[in-house]
file entry-v1.txt (compact mmCIF, C-alpha atoms)
# COMPACT_ATOMS: atom_id res chain seq x y z
CA MET A 1 19.97 11.45 -15.13
CA LEU A 2 16.26 12.32 -14.93
CA LYS A 3 15.79 10.94 -18.41
CA ASN A 4 17.30 7.61 -17.33
CA TRP A 5 15.00 7.38 -14.29
CA PHE A 6 11.98 8.15 -16.48
CA VAL A 7 12.93 5.39 -18.94
CA LEU A 8 13.38 2.95 -16.04
CA PHE A 9 9.96 3.93 -14.61
CA LEU A 10 8.26 3.35 -17.98
CA SER A 11 10.04 0.01 -18.32
CA CYS A 12 8.74 -1.13 -14.92
CA LEU A 13 5.19 -0.16 -15.86
CA THR A 14 5.52 -2.04 -19.15
CA ILE A 15 6.82 -5.18 -17.42
CA GLN A 16 4.00 -5.06 -14.83
CA ALA A 17 1.36 -4.55 -17.53
CA PHE A 18 2.79 -7.42 -19.58
CA GLY A 19 2.76 -9.66 -16.51
CA GLN A 20 -0.87 -8.84 -15.76
CA ASP A 21 -1.86 -9.30 -19.40
CA SER A 22 -0.55 -12.86 -19.29
CA VAL A 23 -2.77 -13.61 -16.25
CA VAL A 24 -6.23 -14.79 -17.24
CA ASN A 25 -7.52 -14.91 -13.65
CA ARG A 26 -6.06 -14.62 -10.17
CA VAL A 27 -7.13 -16.06 -6.81
CA ILE A 28 -5.60 -14.62 -3.63
CA PHE A 29 -5.49 -17.06 -0.72
CA ILE A 30 -5.09 -15.81 2.85
CA GLY A 31 -5.53 -18.15 5.80
CA ASP A 32 -5.89 -17.71 9.54
CA ALA A 33 -6.21 -13.92 9.28
CA GLY A 34 -8.67 -13.52 12.14
CA GLU A 35 -6.59 -11.39 14.49
CA MET A 36 -6.06 -7.67 13.90
CA ASN A 37 -2.38 -6.91 14.42
CA PHE A 38 0.27 -4.84 12.66
CA LYS A 39 1.36 -7.58 10.27
CA GLN A 40 -2.21 -8.56 9.39
CA GLU A 41 -2.99 -4.90 8.74
CA THR A 42 0.07 -4.70 6.46
CA ILE A 43 -0.55 -7.94 4.56
CA ILE A 44 -4.17 -7.34 3.58
CA PRO A 45 -3.74 -3.95 1.80
CA HIS A 46 -0.72 -5.32 -0.07
CA ALA A 47 -2.76 -8.32 -1.16
CA ALA A 48 -5.57 -5.99 -2.25
CA ALA A 49 -3.07 -4.06 -4.39
CA LEU A 50 -2.50 -7.25 -6.42
CA ILE A 51 -6.15 -7.48 -7.43
CA ILE A 52 -6.68 -7.25 -11.19
CA LYS A 53 -10.15 -5.80 -11.41
CA GLY A 54 -12.58 -8.12 -13.15
CA ARG A 55 -10.10 -11.00 -13.05
CA SER A 56 -9.47 -11.64 -9.36
CA THR A 57 -11.10 -13.50 -6.48
CA VAL A 58 -10.14 -13.50 -2.79
CA MET A 59 -10.50 -16.57 -0.59
CA TYR A 60 -9.98 -16.52 3.19
CA LEU A 61 -9.10 -20.05 4.26
CA GLY A 62 -10.73 -20.23 7.68
CA ASP A 63 -9.99 -19.15 11.24
CA ASN A 64 -11.44 -15.85 10.14
CA ILE A 65 -12.08 -14.75 13.73
CA TYR A 66 -9.83 -15.52 16.70
CA PRO A 67 -10.05 -16.80 19.30
CA LYS A 68 -13.52 -18.41 19.23
CA GLY A 69 -15.41 -17.20 16.21
CA MET A 70 -18.23 -14.69 15.75
CA GLY A 71 -19.71 -13.10 18.83
CA LEU A 72 -23.33 -14.18 19.20
CA PRO A 73 -26.04 -11.49 19.00
CA GLY A 74 -26.06 -9.34 22.13
CA SER A 75 -22.69 -10.60 23.37
CA LYS A 76 -19.81 -8.27 24.28
CA GLU A 77 -17.76 -9.88 21.49
CA GLU A 78 -20.27 -9.11 18.74
CA LEU A 79 -18.90 -5.70 17.66
CA GLU A 80 -15.24 -6.67 18.04
CA THR A 81 -15.61 -9.80 15.93
CA ALA A 82 -17.53 -7.89 13.25
CA ALA A 83 -14.58 -5.47 13.05
CA ILE A 84 -12.19 -8.41 12.55
CA LEU A 85 -14.20 -9.58 9.53
CA ARG A 86 -14.42 -6.05 8.12
CA SER A 87 -10.65 -5.67 8.34
CA GLN A 88 -10.38 -8.60 5.92
CA TYR A 89 -13.09 -8.00 3.35
CA GLU A 90 -13.37 -4.21 3.07
CA PRO A 91 -10.01 -3.57 1.32
CA MET A 92 -10.70 -6.41 -1.12
CA ARG A 93 -14.22 -5.32 -1.97
CA LYS A 94 -13.05 -1.70 -2.45
CA ALA A 95 -10.50 -3.06 -4.95
CA GLY A 96 -13.33 -4.79 -6.84
CA ALA A 97 -12.78 -8.47 -6.03
CA PRO A 98 -15.38 -10.99 -4.83
CA VAL A 99 -14.52 -12.19 -1.30
CA TYR A 100 -15.26 -15.63 0.08
CA PHE A 101 -14.64 -17.02 3.56
CA ILE A 102 -14.55 -20.70 4.42
CA PRO A 103 -14.93 -21.95 8.01
CA GLY A 104 -12.07 -23.03 10.25
CA ASN A 105 -12.09 -24.69 13.65
CA HIS A 106 -11.82 -21.34 15.48
CA ASP A 107 -14.89 -20.10 13.59
CA TRP A 108 -16.74 -23.09 15.03
CA ASP A 109 -16.16 -21.76 18.59
CA ARG A 110 -12.66 -23.31 18.52
CA SER A 111 -14.45 -26.65 18.11
CA GLY A 112 -16.58 -25.78 21.14
CA LYS A 113 -20.20 -26.44 22.03
CA ASP A 114 -21.44 -23.16 20.51
CA GLY A 115 -19.77 -23.91 17.20
CA LEU A 116 -22.90 -24.31 15.10
CA ALA A 117 -24.43 -21.10 16.44
CA LYS A 118 -21.22 -19.16 15.85
CA ILE A 119 -20.58 -20.31 12.30
CA ARG A 120 -24.18 -19.48 11.43
CA ALA A 121 -23.76 -16.05 13.06
CA GLN A 122 -20.67 -15.38 10.92
CA GLY A 123 -22.57 -16.25 7.75
CA GLN A 124 -25.55 -14.15 8.80
CA PHE A 125 -23.35 -11.13 9.48
CA LEU A 126 -21.78 -11.35 6.02
CA ALA A 127 -25.20 -11.84 4.42
CA SER A 128 -26.49 -8.77 6.26
CA GLN A 129 -24.07 -6.62 4.25
CA LYS A 130 -26.37 -7.18 1.24
CA ASP A 131 -23.42 -7.82 -1.05
CA SER A 132 -23.74 -10.80 -3.38
CA LEU A 133 -19.94 -10.88 -3.84
CA LEU A 134 -19.28 -11.30 -0.11
CA ARG A 135 -20.11 -14.74 1.27
CA LEU A 136 -19.30 -17.46 3.77
CA ILE A 137 -19.17 -20.77 1.90
CA PRO A 138 -20.58 -23.24 2.64
CA SER A 139 -23.20 -21.27 4.57
CA ASN A 140 -25.52 -21.89 7.51
CA GLY A 141 -23.33 -24.56 9.06
CA CYS A 142 -23.90 -26.86 6.09
CA PRO A 143 -21.05 -29.00 4.73
CA ASP A 144 -22.22 -28.76 1.09
CA PRO A 145 -19.26 -28.43 -1.34
CA VAL A 146 -19.59 -25.21 -3.36
CA GLU A 147 -18.40 -24.73 -6.94
CA ILE A 148 -16.96 -21.30 -7.81
CA PRO A 149 -16.11 -20.69 -11.48
CA ILE A 150 -12.83 -18.75 -11.81
CA SER A 151 -12.34 -18.79 -15.58
CA GLU A 152 -13.13 -20.89 -18.63
CA HIS A 153 -10.35 -23.27 -17.60
CA MET A 154 -10.29 -23.05 -13.79
CA VAL A 155 -12.78 -23.75 -11.01
CA MET A 156 -12.57 -23.62 -7.23
CA ILE A 157 -14.32 -26.08 -4.91
CA ALA A 158 -14.81 -25.04 -1.28
CA TYR A 159 -16.04 -27.33 1.49
CA ASP A 160 -16.17 -27.14 5.29
CA SER A 161 -13.53 -29.53 6.61
CA GLU A 162 -14.30 -28.58 10.23
CA TRP A 163 -17.78 -30.07 9.80
CA TRP A 164 -16.09 -33.49 9.54
CA LEU A 165 -14.09 -33.00 12.74
CA PHE A 166 -16.53 -31.07 14.93
CA PRO A 167 -17.27 -33.07 18.13
CA TYR A 168 -20.65 -31.53 19.04
CA LYS A 169 -24.06 -31.27 17.42
CA LYS A 170 -23.77 -29.90 13.88
CA ASN A 171 -27.33 -30.06 12.56
CA ASP A 172 -30.39 -28.74 14.39
CA GLY A 173 -32.89 -29.97 11.79
CA SER A 174 -33.70 -26.49 10.46
CA MET A 175 -30.73 -25.87 8.20
CA GLY A 176 -31.92 -27.17 4.84
CA CYS A 177 -28.52 -28.57 3.86
CA ASP A 178 -28.19 -30.45 0.57
CA CYS A 179 -25.62 -32.76 2.15
CA ASN A 180 -26.24 -34.30 5.54
CA SER A 181 -23.67 -37.10 5.59
CA GLU A 182 -20.10 -37.75 4.59
CA ALA A 183 -21.29 -39.97 1.74
CA GLU A 184 -23.42 -37.14 0.32
CA ILE A 185 -20.51 -34.69 0.58
CA LEU A 186 -18.21 -37.05 -1.32
CA GLU A 187 -20.83 -37.67 -3.99
CA ARG A 188 -21.24 -33.90 -4.47
CA LEU A 189 -17.46 -33.57 -4.81
CA ARG A 190 -17.40 -36.30 -7.46
CA LYS A 191 -20.13 -34.61 -9.46
CA ILE A 192 -18.33 -31.25 -9.41
CA ARG A 193 -15.06 -33.00 -10.33
CA ASP A 194 -16.62 -34.79 -13.31
CA LYS A 195 -18.36 -31.63 -14.51
CA ASN A 196 -14.99 -29.85 -14.57
CA LYS A 197 -12.75 -32.73 -15.64
CA ASN A 198 -11.02 -30.66 -18.35
CA LYS A 199 -10.20 -27.74 -16.05
CA THR A 200 -7.73 -26.98 -13.28
CA ILE A 201 -9.49 -27.53 -9.95
CA LEU A 202 -8.55 -25.67 -6.77
CA VAL A 203 -9.76 -27.81 -3.85
CA THR A 204 -10.00 -25.47 -0.87
CA SER A 205 -10.66 -26.19 2.81
CA HIS A 206 -9.26 -25.07 6.13
CA HIS A 207 -7.44 -28.31 6.94
CA PRO A 208 -4.48 -29.38 4.77
CA PHE A 209 -3.76 -32.98 3.80
CA TYR A 210 0.00 -32.40 3.83
CA SER A 211 1.86 -30.13 6.24
CA TYR A 212 5.07 -29.93 8.25
CA GLY A 213 3.85 -27.58 10.96
CA VAL A 214 2.57 -27.98 14.51
CA HIS A 215 -0.71 -29.66 13.51
CA ALA A 216 1.36 -32.35 11.80
CA GLY A 217 3.35 -32.94 14.99
CA TYR A 218 6.44 -30.87 14.18
CA TYR A 219 7.65 -28.57 16.94
CA SER A 220 10.51 -26.07 17.22
CA TRP A 221 13.01 -25.77 20.07
CA LYS A 222 10.97 -22.80 21.31
CA ASP A 223 7.89 -25.03 21.63
CA HIS A 224 9.88 -27.45 23.80
CA ILE A 225 11.40 -24.76 26.05
CA PHE A 226 8.47 -22.32 26.12
CA PRO A 227 5.41 -24.55 25.50
CA LEU A 228 2.89 -21.94 26.67
CA THR A 229 3.71 -19.77 23.63
CA ILE A 230 1.67 -22.27 21.59
CA LEU A 231 -1.36 -21.01 23.52
CA ASN A 232 -0.28 -17.37 23.74
CA LYS A 233 2.71 -15.86 21.93
CA ASN A 234 3.58 -13.74 25.01
CA TYR A 235 3.77 -16.62 27.53
CA TYR A 236 7.56 -16.99 27.71
CA LEU A 237 7.73 -19.15 30.84
CA PRO A 238 10.57 -21.71 30.52
CA LEU A 239 9.28 -25.25 31.13
CA PRO A 240 11.85 -27.45 29.37
CA VAL A 241 10.78 -30.87 30.70
CA ILE A 242 7.04 -30.24 30.57
CA GLY A 243 7.57 -28.59 27.20
CA SER A 244 8.99 -31.78 25.74
CA LEU A 245 6.17 -33.83 27.23
CA TYR A 246 3.49 -31.67 25.62
CA PRO A 247 4.18 -32.66 21.97
CA LEU A 248 4.37 -36.34 22.98
CA LEU A 249 1.08 -36.25 24.89
CA ARG A 250 -0.62 -34.23 22.17
CA SER A 251 0.22 -36.91 19.63
CA THR A 252 -0.73 -39.85 21.87
CA ALA A 253 -2.92 -39.77 25.00
CA PHE A 254 -4.41 -36.33 24.36
CA SER A 255 -4.66 -36.39 20.57
CA ASN A 256 -6.90 -33.72 19.07
CA PRO A 257 -9.12 -34.05 15.97
CA GLU A 258 -7.48 -30.83 14.72
CA ASP A 259 -4.13 -32.64 14.43
CA MET A 260 -3.23 -34.76 11.44
CA ASN A 261 -2.40 -37.90 13.42
CA HIS A 262 -5.94 -38.15 14.83
CA ALA A 263 -8.18 -40.86 13.38
CA ALA A 264 -10.92 -38.41 12.41
CA TYR A 265 -8.46 -36.20 10.52
CA LYS A 266 -6.96 -39.23 8.77
CA HIS A 267 -10.44 -40.32 7.72
CA LEU A 268 -11.18 -36.86 6.29
CA LYS A 269 -7.92 -36.86 4.35
CA GLN A 270 -8.36 -40.37 2.95
CA SER A 271 -11.99 -39.82 1.97
CA VAL A 272 -11.48 -36.57 0.04
CA LYS A 273 -8.20 -37.66 -1.53
CA GLU A 274 -9.90 -40.71 -3.02
CA VAL A 275 -12.22 -38.39 -4.95
CA PHE A 276 -9.35 -36.66 -6.73
CA ASN A 277 -6.73 -39.43 -6.96
CA GLY A 278 -5.74 -39.92 -10.60
CA PHE A 279 -7.20 -36.59 -11.68
CA PRO A 280 -4.45 -34.68 -13.57
CA ASN A 281 -4.97 -30.97 -12.77
CA TYR A 282 -5.82 -30.07 -9.21
CA LEU A 283 -4.31 -28.40 -6.16
CA TYR A 284 -5.16 -28.71 -2.48
CA ILE A 285 -5.18 -25.26 -0.84
CA SER A 286 -5.59 -24.78 2.91
CA GLY A 287 -4.60 -22.85 6.02
CA HIS A 288 -4.62 -24.20 9.63
CA ASP A 289 -0.85 -24.41 10.19
CA HIS A 290 0.48 -20.89 10.67
CA GLY A 291 3.07 -20.56 7.95
CA LEU A 292 3.59 -20.75 4.21
CA GLN A 293 4.29 -24.11 2.59
CA PHE A 294 4.35 -25.53 -0.93
CA ILE A 295 4.45 -29.30 -0.92
CA LYS A 296 4.64 -32.00 -3.56
CA ALA A 297 3.91 -35.44 -2.10
CA ASP A 298 2.39 -38.58 -3.61
CA GLY A 299 2.33 -36.74 -6.94
CA GLN A 300 -0.01 -34.10 -5.49
CA TYR A 301 0.48 -30.40 -4.79
CA GLN A 302 -0.53 -28.81 -1.48
CA ILE A 303 -0.50 -25.09 -0.79
CA VAL A 304 -0.61 -24.05 2.87
CA SER A 305 -1.34 -20.36 3.36
CA GLY A 306 -2.07 -20.08 7.06
CA SER A 307 -0.19 -17.00 8.21
CA GLY A 308 -2.53 -14.09 7.60
CA SER A 309 -2.23 -13.00 11.23
CA LYS A 310 -0.07 -15.61 12.98
CA SER A 311 3.14 -17.54 12.39
CA SER A 312 4.71 -20.73 13.74
CA SER A 313 7.53 -23.12 12.96
CA ILE A 314 7.74 -25.40 9.93
CA LYS A 315 10.08 -28.38 9.83
CA GLY A 316 12.16 -29.01 6.73
CA ASN A 317 11.23 -32.01 4.56
CA ASN A 318 12.17 -33.33 1.13
CA HIS A 319 8.55 -32.87 0.02
CA LEU A 320 8.69 -29.14 0.76
CA LEU A 321 9.41 -27.14 -2.38
CA TYR A 322 9.09 -23.96 -0.30
CA LYS A 323 8.55 -23.00 3.32
CA ASN A 324 8.54 -19.79 5.31
CA SER A 325 7.45 -19.25 8.91
CA MET A 326 6.75 -15.56 8.34
CA GLN A 327 3.28 -14.13 7.81
CA GLY A 328 2.11 -13.76 4.24
CA PHE A 329 -0.24 -14.99 1.52
CA VAL A 330 -0.38 -16.77 -1.83
CA THR A 331 -1.68 -15.94 -5.30
CA VAL A 332 -2.70 -18.59 -7.82
CA ASP A 333 -2.86 -17.37 -11.42
CA MET A 334 -4.36 -19.06 -14.45
CA MET A 335 -2.04 -18.10 -17.32
CA LEU A 336 -2.73 -17.73 -21.04
CA ASP A 337 -1.09 -21.10 -21.77
CA ARG A 338 -3.37 -22.73 -19.14
CA SER A 339 -0.48 -23.26 -16.75
CA THR A 340 -0.95 -22.39 -13.08
CA GLN A 341 1.47 -19.90 -11.56
CA ILE A 342 1.79 -19.89 -7.76
CA THR A 343 3.42 -16.96 -5.96
CA TYR A 344 4.19 -16.59 -2.26
CA TYR A 345 4.42 -13.16 -0.63
CA THR A 346 5.93 -12.64 2.82
CA TYR A 347 6.09 -9.91 5.44
CA GLU A 348 9.60 -8.56 5.86
CA ASN A 349 11.02 -5.27 7.18
CA LYS A 350 7.54 -3.77 7.67
CA GLY A 351 6.62 -4.49 4.05
CA ILE A 352 5.69 -7.31 1.67
CA LYS A 353 8.02 -9.02 -0.76
CA LYS A 354 7.54 -11.64 -3.48
CA ASP A 355 9.44 -14.64 -2.11
CA PHE A 356 8.78 -17.65 -4.35
CA THR A 357 7.12 -18.48 -7.69
CA TYR A 358 6.34 -21.86 -9.21
CA ASN A 359 4.65 -22.77 -12.50
CA ILE A 360 2.66 -25.96 -13.06
CA PRO A 361 1.97 -26.81 -16.74
CA PHE A 362 -1.52 -27.97 -17.66
CA LYS A 363 -1.69 -31.70 -18.38
CA ASN A 364 -3.88 -32.92 -21.22
CA SER A 365 -5.50 -36.23 -20.39
CA ASN A 366 -8.32 -38.57 -21.24
CA TYR A 367 -9.62 -38.66 -17.67

call {"tool": "encode", "arguments": {"input": "entry-v1.txt", "output": "structure tokens"}}
result
Amino acid sequence: MLKNWFVLFLSCLTIQAFGQDSVVNRVIFIGDAGEMNFKQETIIPHAAALIIKGRSTVMYLGDNIYPKGMGLPGSKEELETAAILRSQYEPMRKAGAPVYFIPGNHDWDRSGKDGLAKIRAQGQFLASQKDSLLRLIPSNGCPDPVEIPISEHMVMIAYDSEWWLFPYKKNDGSMGCDCNSEAEILERLRKIRDKNKNKTILVTSHHPFYSYGVHAGYYSWKDHIFPLTILNKNYYLPLPVIGSLYPLLRSTAFSNPEDMNHAAYKHLKQSVKEVFNGFPNYLYISGHDHGLQFIKADGQYQIVSGSGSKSSSIKGNNHLLYKNSMQGFVTVDMMLDRSTQITYYTYENKGIKKDFTYNIPFKNSNY
């Protein structure tokens, strides 16, 4: 009996080693992880355990600090918000992976008037750790798209989608940004695209271009009956009539730039999509909606990994190849044959399980 268990143990180790050997590089994507709670504190160590040292990168997809971003120097929130960031990057750096954060709307003071100051404070805190493999990108409140080489055949592009949507002042004249307009951002994206035209490109930002969650106007029965739970998960006050009015008003009279039906959001989506339309090997990867989604629409793939610390409903749709409202994260692996393997991990029964895997072959083209 013991001999049989030993053989099984060795077989499992062999299978795991073979699986890792077939992975050239791995990127772990966790979105909206900016609240320390039991599930967040379970997800992050499990994600760190999947790091292949020397071949892995970690990307946090925005909303890194709830509810309103980094506490400004001297504020009562300063120490608490620093702890929220540490909870995310320390396990990953101890495991040997570079860690990048991109901004989300909550990092910009929940799109509030102190947004520029708070996103700069977040970048300055990370820079103060004196660790070249720990960064906020883009930095300093700049919108400049950043190119991150992953492997010989894969590159990641990160840009600040909240910069496009932010309603207040977003440049104080002292920032030294390379890009100061939408046109300059798009031109930078084109240059990075052309430079890497024979690679797989991971286009990362906080805001997705495809989604079937709340920010896309899809609400669950709970949202209609208990609408205040959208603001706070513990506000279970039944308001059935008002609850049904809220989604309607949010999509019409009180539309928000953070929602996909808003003109500013539509403009962002159309502008960036035009850069990559017709390009054969790219993925959009984002957070924002609090769930896990894998979407194929208009011939394009969209990963939504927005449930690092929160979860919300996702409506079924023919374009959804996978959905899960539970908290979790996603890995994207470049394989030996240049295919891209996408794996979703979810929180379940106080642990993490592998829930879905999808492989995208590399397409040769004359682009």

call {"tool": "atom_distance", "arguments": {"input": "entry-v1.txt", "atom1": "CA of Ser151 (chain A)", "atom2": "CA of Leu283 (chain A)"}}
result
15.7 Å

call {"tool": "closest_residue", "arguments": {"input": "entry-v1.txt", "among": "A:Gly308, A:Asp109, A:Ile201, A:Val23", "to": "Tyr60 (chain A)", "atoms": "only C-alpha atoms"}}
result
A:Gly308

call {"tool": "residues_around", "arguments": {"input": "entry-v1.txt", "residues": "Val146 (chain A)", "least_positions_apart": "2", "cutoff": "12 Å", "atoms": "all atoms listed in the file", "output": "VMD selection string"}}
result
chain A and resid 100 to 102 135 to 139 142 to 144 148 to 149 155 to 160 177 to 179 185 188 to 189 191 to 193 202 to 205

call {"tool": "atom_distance", "arguments": {"input": "entry-v1.txt", "atom1": "CA of Asn317 (chain A)", "atom2": "CA of Thr346 (chain A)"}}
result
20.2 Å

call {"tool": "residues_around", "arguments": {"input": "entry-v1.txt", "residues": "Pro98 (chain A)", "least_positions_apart": "6", "cutoff": "8 Å", "atoms": "only C-alpha atoms", "output": "list in words"}}
result
Ser56, Thr57, Val58, Met92, Leu133 and Leu134 of chain A

call {"tool": "closest_residue", "arguments": {"input": "entry-v1.txt", "among": "A:Gly173, A:Gly278, A:Gly291, A:Gly69", "to": "Gly112 (chain A)", "atoms": "only C-alpha atoms"}}
result
A:Gly69

call {"tool": "decode", "arguments": {"input": "entry-v1.txt", "residues": "region 307-321 of chain A", "atoms": "C-alpha atoms", "output": "PDB file, in the first residue's frame"}}
result
ATOM      1  CA  SER A 307     -12.159  39.225  -8.617  1.00  0.00           C
ATOM      2  CA  GLY A 308      -8.996  39.391  -6.541  1.00  0.00           C
ATOM      3  CA  SER A 309     -10.953  40.656  -3.536  1.00  0.00           C
ATOM      4  CA  LYS A 310     -14.554  41.113  -4.693  1.00  0.00           C
ATOM      5  CA  SER A 311     -17.180  39.260  -6.699  1.00  0.00           C
ATOM      6  CA  SER A 312     -20.390  40.169  -8.533  1.00  0.00           C
ATOM      7  CA  SER A 313     -22.814  38.688 -11.013  1.00  0.00           C
ATOM      8  CA  ILE A 314     -22.065  37.865 -14.648  1.00  0.00           C
ATOM      9  CA  LYS A 315     -24.831  37.352 -17.186  1.00  0.00           C
ATOM     10  CA  GLY A 316     -24.634  34.437 -19.590  1.00  0.00           C
ATOM     11  CA  ASN A 317     -23.928  35.205 -23.258  1.00  0.00           C
ATOM     12  CA  ASN A 318     -23.032  33.235 -26.378  1.00  0.00           C
ATOM     13  CA  HIS A 319     -19.709  35.088 -26.537  1.00  0.00           C
ATOM     14  CA  LEU A 320     -18.711  33.827 -23.095  1.00  0.00           C
ATOM     15  CA  LEU A 321     -16.474  30.776 -23.350  1.00  0.00           C
TER      16      LEU A 321
END
